[in-house]
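> The structure's right below; bear with me while I get my questions together.
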Amino acid sequence: MIADATESPDPVRRPDKDHYFLLIALAARTRADCLGRRVGAVITREGRVLSTGYNGTPFGMPNCSEGGCHRCSQRTADPLLRGGAYDVCICVHAEQNAILTAARFGQQVLGASLTSTMQPCFGCLKEMLQAGINEVHFLHPWDPMEAYGDPALIAQYAALRARFTSFVQVGDPATDTPQLFRDFVGPRQS
Ligand SMILES: [Zn+2]
Ligand SMILES: [Zn+2]
């Protein structure tokens, strides 16, 4: 028998579809170029991948890490830019990029699911709803109460998420990459 580099005496765990899509979202995240949180997302339909996205500046614009986003580069210095000015942040979110990549290549997202490495923000949630995405899965949760403060905004975020047939946390945030990849990608190192 010819030895194969991918062979392992240990059986490699095979991820279920939720973890499979999460791993793809995490792989997409490795490409993220944003001084803020790095996020990856994948849109799937009927168990198949339609598109992926990660956050960063629009195509052809200087990268966020190169000072391409004024808001991101000033977010620690300017309190106004830290908590607000989302509408003038030039970075495109991972979920938006996944939707827009589907649009760019003519993939229908009506009835699709989206898996993100992060619970989607207010803006992405409304765009996913309007694009016809049904299910939202995410690895890292956050509390809208802490993020938005304003009770009316929190209620609107809750109303948006209630429109999805599922809006659930998947995977174990404590085992983010590289641990997740180590669990599922063979061969085992000792
Ligand atoms: Zn940025
Ligand atoms: Zn977002």
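Residues are named by chain letter and number: chains run A, B, ... in the order of the structure tokens, numbers start at 1 in each chain, and ligands are numbered from 1 in the order shown.
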Go through chain A residue by residue and, counting only C-alpha atoms and all ligand atoms, keep those with an atom at most 9 Å from ligand 1; for each kept residue give the shortest atom pair and its distance in Å to one decimal, ordered by chain and increasing number, as a Markdown table.

```
| residue | atom | partner | partner_atom_place_in_ligand_line | distance |
| --- | --- | --- | --- | --- |
| A:Asp33 | CA | ligand 1 | 1 (Zn) | 6.9 |
| A:Cys34 | CA | ligand 1 | 1 (Zn) | 3.7 |
| A:Leu35 | CA | ligand 1 | 1 (Zn) | 5.0 |
| A:Gly36 | CA | ligand 1 | 1 (Zn) | 5.5 |
| A:Arg37 | CA | ligand 1 | 1 (Zn) | 8.1 |
| A:Arg38 | CA | ligand 1 | 1 (Zn) | 8.7 |
| A:Asn55 | CA | ligand 1 | 1 (Zn) | 7.4 |
| A:Gly56 | CA | ligand 1 | 1 (Zn) | 5.6 |
| A:Thr57 | CA | ligand 1 | 1 (Zn) | 6.6 |
| A:Asn63 | CA | ligand 1 | 1 (Zn) | 7.9 |
| A:Cys64 | CA | ligand 1 | 1 (Zn) | 4.6 |
| A:Ser65 | CA | ligand 1 | 1 (Zn) | 7.3 |
| A:Gly67 | CA | ligand 1 | 1 (Zn) | 8.6 |
| A:Gly68 | CA | ligand 1 | 1 (Zn) | 7.7 |
| A:Cys69 | CA | ligand 1 | 1 (Zn) | 5.6 |
| A:His70 | CA | ligand 1 | 1 (Zn) | 8.3 |
| A:Arg71 | CA | ligand 1 | 1 (Zn) | 7.4 |
| A:Cys72 | CA | ligand 1 | 1 (Zn) | 4.7 |
| A:Ser73 | CA | ligand 1 | 1 (Zn) | 7.4 |
| A:Cys89 | CA | ligand 1 | 1 (Zn) | 7.2 |
| A:Ile90 | CA | ligand 1 | 1 (Zn) | 7.1 |
| A:Cys91 | CA | ligand 1 | 1 (Zn) | 4.8 |
| A:Val92 | CA | ligand 1 | 1 (Zn) | 7.9 |
| A:His93 | CA | ligand 1 | 1 (Zn) | 8.8 |
```
> Please identify all protein, DNA and RNA residues within 8 Å of ligand 2, counting only C-alpha atoms and all ligand atoms, and report them as a PyMOL selection string.
chain A and resi 92-96+120-125
> So that I can see what lies close to range 160-170 of chain A, please list as a CSV table (one decimal) with N, CA and C atoms, in the first residue's frame the residues with an atom at most 9 Å from it, counting only C-alpha atoms and leaving out residues fewer than 4 positions away in the same chain.

```
chain,number,residue,atom,x,y,z
A,18,ASP,N,-23.2,21.8,9.3
A,18,ASP,CA,-23.1,23.1,10.0
A,18,ASP,C,-21.6,23.4,10.2
A,19,HIS,N,-20.9,22.4,10.7
A,19,HIS,CA,-19.4,22.7,10.9
A,19,HIS,C,-18.7,22.8,9.6
A,22,LEU,N,-19.2,26.3,8.6
A,22,LEU,CA,-18.5,27.1,9.5
A,22,LEU,C,-17.0,27.1,9.2
A,115,THR,N,-23.9,31.4,6.8
A,115,THR,CA,-23.1,31.1,8.0
A,115,THR,C,-22.0,32.1,8.1
A,119,GLN,N,-22.0,36.9,14.8
A,119,GLN,CA,-23.4,37.2,14.7
A,119,GLN,C,-23.5,38.5,13.8
A,122,PHE,N,-26.8,44.8,12.5
A,122,PHE,CA,-28.1,45.3,12.1
A,122,PHE,C,-28.2,45.5,10.6
A,125,LEU,N,-28.2,42.2,8.7
A,125,LEU,CA,-29.4,41.4,8.9
A,125,LEU,C,-30.5,41.9,8.0
A,126,LYS,N,-30.7,43.2,7.9
A,126,LYS,CA,-31.8,43.7,7.1
A,126,LYS,C,-31.5,43.4,5.6
A,129,LEU,N,-32.3,39.7,5.0
A,129,LEU,CA,-33.7,39.5,5.0
A,129,LEU,C,-34.3,40.0,3.6
A,133,ILE,N,-32.7,35.6,2.2
A,133,ILE,CA,-32.0,34.5,3.0
A,133,ILE,C,-32.9,34.1,4.1
A,134,ASN,N,-33.0,32.8,4.4
A,134,ASN,CA,-33.9,32.3,5.4
A,134,ASN,C,-33.3,32.0,6.7
A,135,GLU,N,-32.1,31.4,6.6
A,135,GLU,CA,-31.4,30.9,7.8
A,135,GLU,C,-30.1,31.6,8.1
A,136,VAL,N,-29.9,31.9,9.3
A,136,VAL,CA,-28.6,32.6,9.7
A,136,VAL,C,-27.9,31.7,10.8
A,137,HIS,N,-26.7,31.3,10.6
A,137,HIS,CA,-25.9,30.6,11.5
A,137,HIS,C,-24.6,31.4,11.8
A,138,PHE,N,-24.2,31.4,13.0
A,138,PHE,CA,-23.0,32.2,13.3
A,138,PHE,C,-22.2,31.5,14.5
A,139,LEU,N,-20.9,31.8,14.5
A,139,LEU,CA,-20.0,31.2,15.5
A,139,LEU,C,-20.0,32.1,16.8
A,140,HIS,N,-19.6,33.3,16.6
A,140,HIS,CA,-19.4,34.2,17.8
A,140,HIS,C,-20.6,35.1,18.0
A,141,PRO,N,-21.3,34.9,19.2
A,141,PRO,CA,-22.5,35.7,19.5
A,141,PRO,C,-22.0,37.0,20.2
A,155,ALA,N,-35.0,46.4,20.0
A,155,ALA,CA,-36.3,45.8,19.6
A,155,ALA,C,-36.3,45.6,18.1
A,156,GLN,N,-35.8,46.6,17.3
A,156,GLN,CA,-35.8,46.4,15.9
A,156,GLN,C,-34.9,45.3,15.4
```
> Could you find all residues in range 99-129 of chain A that DSSP calls helix (DSSP H, G or I) from the backbone, and write them as a list in words?
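These are the residues in question: Ile99, Leu100, Thr101, Ala102, Ala103, Arg104, Phe122, Gly123, Cys124, Leu125, Lys126, Glu127, Met128 and Leu129 of chain A.
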> Got a sec: who's within 8 Å of Arg29 in chain A, counting only C-alpha atoms, leaving out chain neighbours fewer than 2 positions off, as JSON, numbers by chain?
{"A": [25, 26, 27, 31, 32, 38, 39, 40, 41, 53, 54, 55, 117]}
> Output the selection as a PDB file, in the first residue's frame - N, CA and C atoms for each residue.

```
ATOM      1  N   ALA A  25     -16.489  29.366   6.273  1.00  0.00           N
ATOM      2  CA  ALA A  25     -16.568  30.774   6.705  1.00  0.00           C
ATOM      3  C   ALA A  25     -15.269  31.187   7.405  1.00  0.00           C
ATOM      4  N   LEU A  26     -14.726  30.274   8.208  1.00  0.00           N
ATOM      5  CA  LEU A  26     -13.467  30.560   8.907  1.00  0.00           C
ATOM      6  C   LEU A  26     -12.311  30.658   7.909  1.00  0.00           C
ATOM      7  N   ALA A  27     -12.355  29.824   6.874  1.00  0.00           N
ATOM      8  CA  ALA A  27     -11.324  29.905   5.827  1.00  0.00           C
ATOM      9  C   ALA A  27     -11.441  31.235   5.089  1.00  0.00           C
ATOM     10  N   ARG A  31      -8.883  35.740   4.833  1.00  0.00           N
ATOM     11  CA  ARG A  31      -8.598  36.752   3.813  1.00  0.00           C
ATOM     12  C   ARG A  31      -9.027  38.155   4.241  1.00  0.00           C
ATOM     13  N   ALA A  32      -9.709  38.259   5.379  1.00  0.00           N
ATOM     14  CA  ALA A  32     -10.237  39.556   5.806  1.00  0.00           C
ATOM     15  C   ALA A  32      -9.115  40.568   6.016  1.00  0.00           C
ATOM     16  N   ARG A  38     -12.261  40.787  12.235  1.00  0.00           N
ATOM     17  CA  ARG A  38     -12.178  40.058  10.969  1.00  0.00           C
ATOM     18  C   ARG A  38     -13.285  39.024  10.950  1.00  0.00           C
ATOM     19  N   VAL A  39     -14.034  38.999   9.840  1.00  0.00           N
ATOM     20  CA  VAL A  39     -15.217  38.147   9.738  1.00  0.00           C
ATOM     21  C   VAL A  39     -15.221  37.443   8.381  1.00  0.00           C
ATOM     22  N   GLY A  40     -15.713  36.198   8.380  1.00  0.00           N
ATOM     23  CA  GLY A  40     -15.893  35.446   7.139  1.00  0.00           C
ATOM     24  C   GLY A  40     -17.310  34.919   7.077  1.00  0.00           C
ATOM     25  N   ALA A  41     -17.834  34.760   5.865  1.00  0.00           N
ATOM     26  CA  ALA A  41     -19.208  34.277   5.708  1.00  0.00           C
ATOM     27  C   ALA A  41     -19.328  33.410   4.465  1.00  0.00           C
ATOM     28  N   GLY A  53     -17.596  35.371   1.516  1.00  0.00           N
ATOM     29  CA  GLY A  53     -17.231  36.776   1.662  1.00  0.00           C
ATOM     30  C   GLY A  53     -16.414  36.982   2.917  1.00  0.00           C
ATOM     31  N   TYR A  54     -15.630  38.039   2.895  1.00  0.00           N
ATOM     32  CA  TYR A  54     -14.892  38.455   4.093  1.00  0.00           C
ATOM     33  C   TYR A  54     -14.878  39.962   4.098  1.00  0.00           C
ATOM     34  N   ASN A  55     -14.622  40.571   5.256  1.00  0.00           N
ATOM     35  CA  ASN A  55     -14.735  42.023   5.317  1.00  0.00           C
ATOM     36  C   ASN A  55     -13.451  42.734   4.894  1.00  0.00           C
ATOM     37  N   THR A 117     -18.835  33.888  10.748  1.00  0.00           N
ATOM     38  CA  THR A 117     -18.016  33.639  11.938  1.00  0.00           C
ATOM     39  C   THR A 117     -18.467  34.531  13.089  1.00  0.00           C
TER      40      THR A 117
END
```
> Quick one: residues within 10 Å of Ala147 in chain A, only C-alpha atoms, excluding same-chain residues fewer than 4 positions away - as a PyMOL selection string?
chain A and resi 83+121+142-143+153-154
> When DSSP works through the backbone of this structure, what residues of range 57-156 of chain A end up as strand (DSSP E or B), shown as a ChimeraX atom specification?
/A:92,113-118,135-140
> Those same residues - C-alpha atoms - I'd like them written as an mmCIF file, in the first residue's frame.

```
data_model
loop_
_atom_site.group_PDB
_atom_site.id
_atom_site.type_symbol
_atom_site.label_atom_id
_atom_site.label_comp_id
_atom_site.auth_asym_id
_atom_site.auth_seq_id
_atom_site.Cartn_x
_atom_site.Cartn_y
_atom_site.Cartn_z
ATOM 1 C CA VAL A 92 -17.807 45.982 3.183
ATOM 2 C CA SER A 113 -28.723 30.085 4.355
ATOM 3 C CA LEU A 114 -25.812 32.183 5.547
ATOM 4 C CA THR A 115 -23.106 31.084 7.976
ATOM 5 C CA SER A 116 -20.893 33.791 9.478
ATOM 6 C CA THR A 117 -18.016 33.639 11.938
ATOM 7 C CA MET A 118 -19.787 36.496 13.802
ATOM 8 C CA GLU A 135 -31.434 30.883 7.845
ATOM 9 C CA VAL A 136 -28.594 32.559 9.714
ATOM 10 C CA HIS A 137 -25.900 30.596 11.546
ATOM 11 C CA PHE A 138 -22.965 32.180 13.345
ATOM 12 C CA LEU A 139 -20.045 31.177 15.541
ATOM 13 C CA HIS A 140 -19.421 34.191 17.805
#
```
> What lies within 8 Å of range 48-50 of chain A using only C-alpha atoms, ignoring chain neighbours under 5 positions off, as a PyMOL selection string?
chain A and resi 42-43+102+107+109
> Could you write out that same residue set with C-alpha atoms as a PDB file, in the first residue's frame?

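What follows is the written file part_35.pdb:
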```
ATOM      1  CA  VAL A  42     -20.595  31.680   3.318  1.00  0.00           C
ATOM      2  CA  ILE A  43     -23.989  31.511   1.602  1.00  0.00           C
ATOM      3  CA  ALA A 102     -23.682  36.033  -5.459  1.00  0.00           C
ATOM      4  CA  GLN A 107     -26.513  33.231  -8.056  1.00  0.00           C
ATOM      5  CA  VAL A 109     -29.936  33.624  -2.790  1.00  0.00           C
TER       6      VAL A 109
END
```
